[in-house]
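Heads up, protein_4.txt below (compact mmCIF, C-alpha atoms and all ligand atoms):
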# COMPACT_ATOMS: atom_id res chain seq x y z
CA MET A 403 117.19 90.58 108.19
CA LYS A 404 116.31 94.17 108.99
CA GLU A 405 116.46 95.38 112.58
CA PRO A 406 112.93 95.52 114.00
CA LEU A 407 111.34 98.93 114.45
CA ILE A 408 109.22 97.93 117.42
CA VAL A 409 109.70 94.96 119.71
CA LEU A 410 107.25 93.85 122.38
CA GLU A 411 108.79 91.73 125.12
CA ASN A 412 107.07 89.86 127.94
CA ILE A 413 103.94 91.98 127.65
CA ASN A 414 101.15 91.16 130.05
CA ILE A 415 98.02 93.24 130.26
CA ARG A 416 95.32 92.09 132.58
CA THR A 417 92.11 93.27 134.08
CA ARG A 418 91.41 92.43 137.69
CA ASP A 419 90.41 88.87 136.94
CA ARG A 420 91.89 87.88 133.56
CA SER A 421 94.66 88.36 131.05
CA ILE A 422 93.70 90.33 127.93
CA LEU A 423 97.11 90.37 126.26
CA SER A 424 100.07 88.10 126.78
CA ILE A 425 102.97 88.41 124.31
CA PRO A 426 106.36 86.88 125.07
CA ARG A 427 107.92 88.55 122.03
CA PHE A 428 106.66 90.18 118.87
CA GLU A 429 108.47 92.29 116.29
CA LEU A 430 107.38 94.85 113.73
CA PHE A 431 109.81 95.40 110.87
CA PRO A 432 110.42 98.66 109.00
CA GLY A 433 108.56 99.03 105.74
CA GLU A 434 106.24 96.08 106.27
CA ALA A 435 102.47 96.01 106.26
CA LEU A 436 101.41 93.72 109.08
CA GLY A 437 97.85 92.43 109.28
CA VAL A 438 96.22 91.51 112.59
CA MET A 439 93.19 89.26 112.65
CA GLY A 440 91.26 87.50 115.38
CA PRO A 441 87.80 87.05 116.80
CA ASN A 442 85.93 89.82 118.63
CA GLY A 443 87.48 90.53 121.99
CA ALA A 444 90.70 88.68 121.10
CA GLY A 445 92.93 91.63 122.00
CA LYS A 446 93.65 93.15 118.58
CA SER A 447 92.97 96.75 119.60
CA THR A 448 94.86 96.24 122.85
CA LEU A 449 97.84 94.96 120.84
CA LEU A 450 97.63 97.97 118.52
CA LYS A 451 97.38 100.42 121.42
CA THR A 452 100.38 98.78 123.06
CA MET A 453 102.51 98.94 119.91
CA ALA A 454 101.38 102.52 119.23
CA LEU A 455 102.27 103.42 122.82
CA LEU A 456 98.79 104.76 123.49
CA ASP A 457 98.75 102.55 126.57
CA LEU A 458 101.93 101.55 128.35
CA PRO A 459 101.71 97.91 129.45
CA GLY A 460 101.58 97.17 133.17
CA GLU A 461 104.10 94.42 132.63
CA GLY A 462 106.73 94.07 129.93
CA THR A 463 108.78 96.28 127.67
CA VAL A 464 108.34 98.00 124.34
CA PHE A 465 111.52 98.69 122.39
CA TYR A 466 111.67 101.24 119.60
CA ARG A 467 114.67 101.01 117.29
CA GLY A 468 116.43 98.86 119.87
CA LYS A 469 115.87 101.26 122.77
CA LYS A 470 113.57 100.59 125.67
CA VAL A 471 110.63 103.01 125.71
CA THR A 472 110.42 104.61 129.12
CA ASP A 473 108.03 107.07 130.79
CA HIS A 474 110.59 109.67 129.83
CA SER A 475 110.80 108.80 126.11
CA VAL A 476 107.25 107.66 125.43
CA LEU A 477 105.87 110.98 124.19
CA ASP A 478 108.76 111.54 121.87
CA VAL A 479 108.39 108.06 120.33
CA ARG A 480 104.59 108.24 120.14
CA ARG A 481 104.89 111.40 118.07
CA ARG A 482 106.40 109.28 115.28
CA PHE A 483 103.22 107.23 114.98
CA ALA A 484 99.75 107.95 113.66
CA VAL A 485 96.54 106.05 114.33
CA ALA A 486 93.35 105.87 112.27
CA LEU A 487 90.33 104.16 113.76
CA GLN A 488 87.05 102.91 112.36
CA GLN A 489 85.27 106.03 113.61
CA SER A 490 87.10 108.94 112.07
CA LEU A 491 86.48 111.22 115.11
CA LEU A 492 86.67 114.38 113.04
CA LEU A 493 86.32 117.73 114.75
CA ASP A 494 83.45 120.13 114.07
CA MET A 495 85.42 122.28 111.63
CA THR A 496 86.25 122.22 107.95
CA VAL A 497 88.06 119.39 106.21
CA HIS A 498 91.08 121.66 105.69
CA GLN A 499 91.18 122.58 109.38
CA ASN A 500 90.83 118.94 110.45
CA ILE A 501 93.79 117.88 108.34
CA ALA A 502 95.85 120.88 109.49
CA ILE A 503 95.31 120.39 113.20
CA GLY A 504 98.17 117.95 113.87
CA LEU A 505 100.77 120.25 112.32
CA LYS A 506 99.24 123.28 114.05
CA LEU A 507 99.72 121.57 117.38
CA ARG A 508 103.33 121.00 116.37
CA HIS A 509 103.68 124.75 115.76
CA ARG A 510 104.59 124.44 112.08
CA SER A 511 104.46 127.57 109.93
CA ARG A 512 101.20 128.46 108.21
CA ARG A 513 102.91 128.18 104.82
CA GLU A 514 104.16 124.66 105.51
CA ILE A 515 100.78 123.61 106.90
CA ASN A 516 98.88 124.91 103.87
CA MET A 517 101.27 123.27 101.43
CA LYS A 518 101.05 119.92 103.17
CA VAL A 519 97.28 120.05 103.61
CA GLU A 520 96.89 120.77 99.87
CA HIS A 521 99.23 117.90 99.07
CA TRP A 522 97.47 115.31 101.23
CA MET A 523 94.01 116.43 100.12
CA GLU A 524 95.16 115.85 96.56
CA VAL A 525 96.63 112.43 97.37
CA PHE A 526 93.37 111.32 98.99
CA LYS A 527 91.25 113.02 96.28
CA ILE A 528 89.37 115.31 98.65
CA SER A 529 90.61 118.75 97.52
CA HIS A 530 87.06 119.63 96.46
CA LEU A 531 85.90 119.11 100.06
CA ALA A 532 88.40 121.54 101.63
CA ARG A 533 85.82 124.05 102.87
CA LYS A 534 83.15 121.55 103.75
CA GLN A 535 82.23 120.96 107.40
CA ALA A 536 83.74 117.60 108.34
CA LEU A 537 80.66 116.47 110.24
CA HIS A 538 78.63 116.62 107.01
CA LEU A 539 80.80 114.15 105.11
CA SER A 540 79.84 110.67 103.96
CA GLY A 541 81.55 107.71 105.66
CA GLY A 542 83.99 107.24 102.77
CA GLU A 543 84.86 110.95 102.60
CA ALA A 544 85.34 111.11 106.37
CA GLN A 545 87.71 108.15 106.27
CA ARG A 546 89.74 109.86 103.52
CA VAL A 547 90.03 112.94 105.75
CA ASN A 548 90.99 110.70 108.65
CA LEU A 549 93.78 109.09 106.61
CA ALA A 550 95.01 112.45 105.28
CA ARG A 551 95.07 113.70 108.87
CA ALA A 552 97.23 110.73 109.85
CA MET A 553 99.58 110.82 106.84
CA ILE A 554 100.26 114.56 107.06
CA LEU A 555 102.19 113.77 110.23
CA GLU A 556 104.57 111.69 108.07
CA PRO A 557 104.43 108.87 110.61
CA GLU A 558 107.04 106.16 110.75
CA VAL A 559 104.27 103.75 111.62
CA LEU A 560 100.64 104.04 110.60
CA PHE A 561 98.24 102.06 112.78
CA LEU A 562 94.90 101.27 111.19
CA ASP A 563 92.17 99.80 113.41
CA GLU A 564 89.41 98.56 111.08
CA PRO A 565 89.28 101.83 109.16
CA PHE A 566 87.21 100.44 106.29
CA SER A 567 84.77 98.16 108.05
CA ALA A 568 81.82 100.56 107.88
CA LEU A 569 82.26 101.40 104.19
CA ASP A 570 80.39 99.96 101.24
CA PHE A 571 82.32 97.65 98.96
CA PRO A 572 83.27 100.00 96.06
CA THR A 573 84.23 102.77 98.50
CA LYS A 574 86.35 100.36 100.50
CA VAL A 575 88.12 98.94 97.43
CA GLN A 576 89.03 102.38 96.10
CA LEU A 577 90.27 103.54 99.50
CA LEU A 578 92.29 100.35 100.02
CA LYS A 579 93.95 100.85 96.64
CA ASP A 580 94.74 104.47 97.46
CA ILE A 581 96.14 103.83 100.93
CA LYS A 582 98.20 100.89 99.70
CA GLN A 583 99.75 103.12 97.07
CA VAL A 584 100.42 105.85 99.64
CA VAL A 585 102.12 103.60 102.20
CA SER A 586 104.24 101.91 99.56
CA LYS A 587 105.28 105.22 97.99
CA THR A 588 106.15 106.73 101.39
CA ASN A 589 107.57 103.42 102.68
CA THR A 590 105.41 103.75 105.79
CA THR A 591 105.36 100.76 108.12
CA THR A 592 101.73 99.83 108.69
CA VAL A 593 99.80 97.76 111.20
CA PHE A 594 96.36 96.92 109.94
CA ILE A 595 93.60 95.33 112.00
CA SER A 596 90.78 93.90 109.96
CA HIS A 597 88.07 91.26 110.13
CA ASP A 598 88.17 90.94 106.37
CA LEU A 599 90.48 88.32 104.94
CA THR A 600 90.36 89.82 101.45
CA GLU A 601 91.55 93.18 102.85
CA ILE A 602 94.37 91.46 104.76
CA LYS A 603 95.35 89.43 101.72
CA TYR A 604 95.44 92.48 99.47
CA PHE A 605 97.14 94.87 101.88
CA THR A 606 99.66 92.95 104.00
CA GLN A 607 102.80 90.87 103.50
CA ARG A 608 102.79 89.43 107.02
CA MET A 609 99.98 88.67 109.40
CA ALA A 610 99.34 87.63 112.97
CA ILE A 611 96.37 85.70 114.28
CA ILE A 612 95.47 86.65 117.83
CA MET A 613 93.07 84.69 120.01
CA GLY A 614 92.44 85.01 123.72
CA GLY A 615 95.13 87.69 124.03
CA GLU A 616 97.84 85.48 122.52
CA ILE A 617 99.43 85.47 119.09
CA LYS A 618 98.64 82.00 117.84
CA GLN A 619 100.33 82.25 114.46
CA ALA A 620 102.45 84.85 112.70
CA GLY A 621 104.11 84.61 109.34
CA SER A 622 103.90 85.71 105.76
CA THR A 623 100.28 86.34 104.81
CA ALA A 624 100.45 83.80 102.00
CA GLU A 625 101.83 81.18 104.37
CA VAL A 626 99.30 81.76 107.17
CA LEU A 627 96.45 81.60 104.65
CA SER A 628 97.68 78.47 102.90
CA GLU A 629 99.02 76.67 105.99
CA PRO A 630 97.12 77.89 109.03
CA ASN A 631 97.98 76.07 112.24
CA ALA A 632 95.19 74.48 114.27
CA TYR A 633 94.30 77.75 116.05
CA ALA A 634 94.34 79.87 112.92
CA ALA A 635 92.45 77.20 111.00
CA SER A 636 89.68 77.25 113.59
CA PHE A 637 89.24 80.93 112.86
CA ILE A 638 90.04 81.44 109.18
CA GLY A 639 90.24 77.88 107.82
CA GLU A 640 87.04 77.57 105.87
CA TRP A 641 87.19 81.14 104.62
CA SER A 642 90.83 81.01 103.51
CA ARG A 643 90.12 77.81 101.54
CA LEU A 644 87.41 79.67 99.67
CA LEU A 645 89.83 82.46 98.80
CA THR A 646 93.00 80.53 97.94
N1 LIG B 701 90.27 99.13 129.53
C1 LIG B 701 89.76 97.90 129.61
N2 LIG B 701 89.29 97.44 130.79
C2 LIG B 701 88.79 96.19 130.88
N3 LIG B 701 88.73 95.33 129.85
C3 LIG B 701 89.18 95.74 128.68
C4 LIG B 701 89.73 97.04 128.49
N4 LIG B 701 90.10 97.16 127.19
C5 LIG B 701 89.79 95.98 126.61
N5 LIG B 701 89.25 95.13 127.49
C6 LIG B 701 88.83 93.74 127.23
O1 LIG B 701 89.94 93.08 126.66
C7 LIG B 701 89.54 92.19 125.65
C8 LIG B 701 90.25 92.55 124.35
O2 LIG B 701 89.71 93.77 123.85
P1 LIG B 701 90.14 94.36 122.45
O3 LIG B 701 89.34 95.60 122.22
O4 LIG B 701 91.61 94.48 122.40
O5 LIG B 701 89.67 93.21 121.46
P2 LIG B 701 89.54 93.23 119.87
O6 LIG B 701 90.16 91.96 119.39
O7 LIG B 701 90.07 94.49 119.31
O8 LIG B 701 87.96 93.13 119.71
P3 LIG B 701 86.96 93.63 118.53
O9 LIG B 701 87.24 92.79 117.31
O10 LIG B 701 85.62 93.32 119.11
O11 LIG B 701 87.20 95.08 118.32
C9 LIG B 701 88.03 92.29 125.56
O12 LIG B 701 87.47 91.23 126.28
C10 LIG B 701 87.72 93.62 126.21
O13 LIG B 701 86.45 93.58 126.82

Please lay out the structure from this file as structure tokens.
Amino acid sequence: MKEPLIVLENINIRTRDRSILSIPRFELFPGEALGVMGPNGAGKSTLLKTMALLDLPGEGTVFYRGKKVTDHSVLDVRRRFAVALQQSLLLDMTVHQNIAIGLKLRHRSRREINMKVEHWMEVFKISHLARKQALHLSGGEAQRVNLARAMILEPEVLFLDEPFSALDFPTKVQLLKDIKQVVSKTNTTTVFISHDLTEIKYFTQRMAIIMGGEIKQAGSTAEVLSEPNAYAASFIGEWSRLLT
């Protein structure tokens, strides 16, 4: 078994009056695509933000490659991750500039930045949009820019929080195919939140079902879909039977 890349241990995140995430232990393994599903408000985004170190948990520990992430190391570790959300949050500049911004902030040379921007625009089939203002893009185009902007950072882990949920079906299918090819070619570990069982089934090898801030079942995607436990069945049961 491979050493986990990220381990969450005894994580507790609570608001004043209730727990929103409670995870005794959860591991993310290098090279895997992990799906996260659960009802609205279950804690999926909170789990993603905790693993991506966007929020440090009030209680509990995050380990990265076996080392405890501390206030001191958090920025350095976070730099190895990239996050793409449902809203692409592009800046009011061209597509090229949007994709370049992460490397600019890392003070890379103009030559390196241009080469990498060209490469990732090609991969995501948006080279023809290079000079276009990002705020004028369609939803599908904007999401391609968003993903190029994440992948140009060559992240060790790519976190995707419902990136395709607002896209029409053909656009979504094409983008899913493209991103699956990219993460497998680059061997990028991926955490993928989705409400869509077909997306999870297509994209992930392992999945976790989260409800009420707790992981109720985790295992290979095929196994969770074919043998959901009582919690998972209450959420995906009917639907997974239709698909399997
Ligand atoms: N900063 C916060 N302060 C207070 N409550 C919060 C905060 N962030 C999240 N919550 C609450 O924690 C719970 C989990 O939220 P989270 O966004 O993680 O759920 P989710 O599973 O991603 O939901 P959805 O599918 O609707 O996006 C929700 O009830 C939410 O209202």

Residues within 6 Å of ligand LIG 701 (chain B), counting only C-alpha atoms and all ligand atoms: report them as a ChimeraX atom specification.
/A:417,422,441-448

Save the residues we just selected, C-alpha atoms, as a tab-separated table (two decimals), in the coordinates of the input?
chain	number	residue	atom	x	y	z
A	417	THR	CA	92.11	93.27	134.08
A	422	ILE	CA	93.70	90.33	127.93
A	441	PRO	CA	87.80	87.05	116.80
A	442	ASN	CA	85.93	89.82	118.63
A	443	GLY	CA	87.48	90.53	121.99
A	444	ALA	CA	90.70	88.68	121.10
A	445	GLY	CA	92.93	91.63	122.00
A	446	LYS	CA	93.65	93.15	118.58
A	447	SER	CA	92.97	96.75	119.60
A	448	THR	CA	94.86	96.24	122.85

Contacts of segment 564-597 of chain A with segment 452-476 of chain A up to 12 Å, shortest pair per row, all atoms listed in the file, as a tab-separated table:
residue	atom	partner	partner_atom	distance
A:Thr591	CA	A:Ala454	CA	11.9
A:Thr592	CA	A:Ala454	CA	10.9
A:Val593	CA	A:Met453	CA	9.2
A:Phe594	CA	A:Met453	CA	11.9

Residue selection dump (C-alpha atoms) as a short mmCIF file (atom, residue, chain, number, x, y, z; two decimals), keeping the file's coordinate frame:
data_model
loop_
_atom_site.label_atom_id
_atom_site.label_comp_id
_atom_site.auth_asym_id
_atom_site.auth_seq_id
_atom_site.Cartn_x
_atom_site.Cartn_y
_atom_site.Cartn_z
CA THR A 591 105.36 100.76 108.12
CA THR A 592 101.73 99.83 108.69
CA VAL A 593 99.80 97.76 111.20
CA PHE A 594 96.36 96.92 109.94
#

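Of the listed residues A:Leu430, A:Leu577, A:Leu410, A:Ile425, the one whose atoms come nearest to Ile617 of chain A is A:Ile425, with distances taken using only C-alpha atoms.
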
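From atom CA of Leu450 of chain A back to atom CA of Arg427 of chain A, the distance works out to 14.4 Å.
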
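Here atom CA of Gln499 of chain A and atom CA of Glu520 of chain A stand 11.2 Å from one another.
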
Distance query Lys404 of chain A at most 10 Å, all atoms listed in the file, self and fewer than 5 positions along chain excluded, as a VMD selection string:
chain A and resid 431 to 433

Using 8 Å of padding on each side, determine the axis-aligned box around all atoms of segment 566-583 of chain A present in the file and give its centre and edge lengths in Å to one decimal, as AutoDock Vina command-line options.
--center_x 90.1 --center_y 101.1 --center_z 102.1 --size_x 35.4 --size_y 22.8 --size_z 28.0

Calculate how many Å separate atom CA of Gln488 of chain A from atom CA of Met613 of chain A, rounding to one decimal.
20.7 Å

Taking 4 positions as the minimum chain separation for residues in the same chain, which residues sit within 10 Å of Pro557 of chain A when counting all atoms listed in the file? Answer as a ChimeraX atom specification.
/A:480-485,552-553,561,588,590-592

So which one's closest to His597 of chain A, A:Gln619, A:Ser567, A:Gln545, A:Gln583? Using only C-alpha atoms, please.
A:Ser567

Quick one: residues within 9 Å of segment 504-515 of chain A, all atoms listed in the file, excluding same-chain residues fewer than 4 positions away - as a count of residues only?
7

Using all atoms listed in the file, find the one residue out of A:Ser529, A:Leu539, A:Lys451, A:Met439 that sits nearest to Leu627 of chain A.
A:Met439

Near Ile595 of chain A, counting all atoms listed in the file, which residues have an atom at most 7 Å away, once you skip same-chain residues fewer than 3 positions from it, shown as a ChimeraX atom specification?
/A:437-439,446,562-564

Residues near segment 489-494 of chain A, cut-off 8 Å, only C-alpha atoms, skip fewer than 6 positions along chain, as a PyMOL selection string
chain A and resi 500+535-537+544-545+548+565
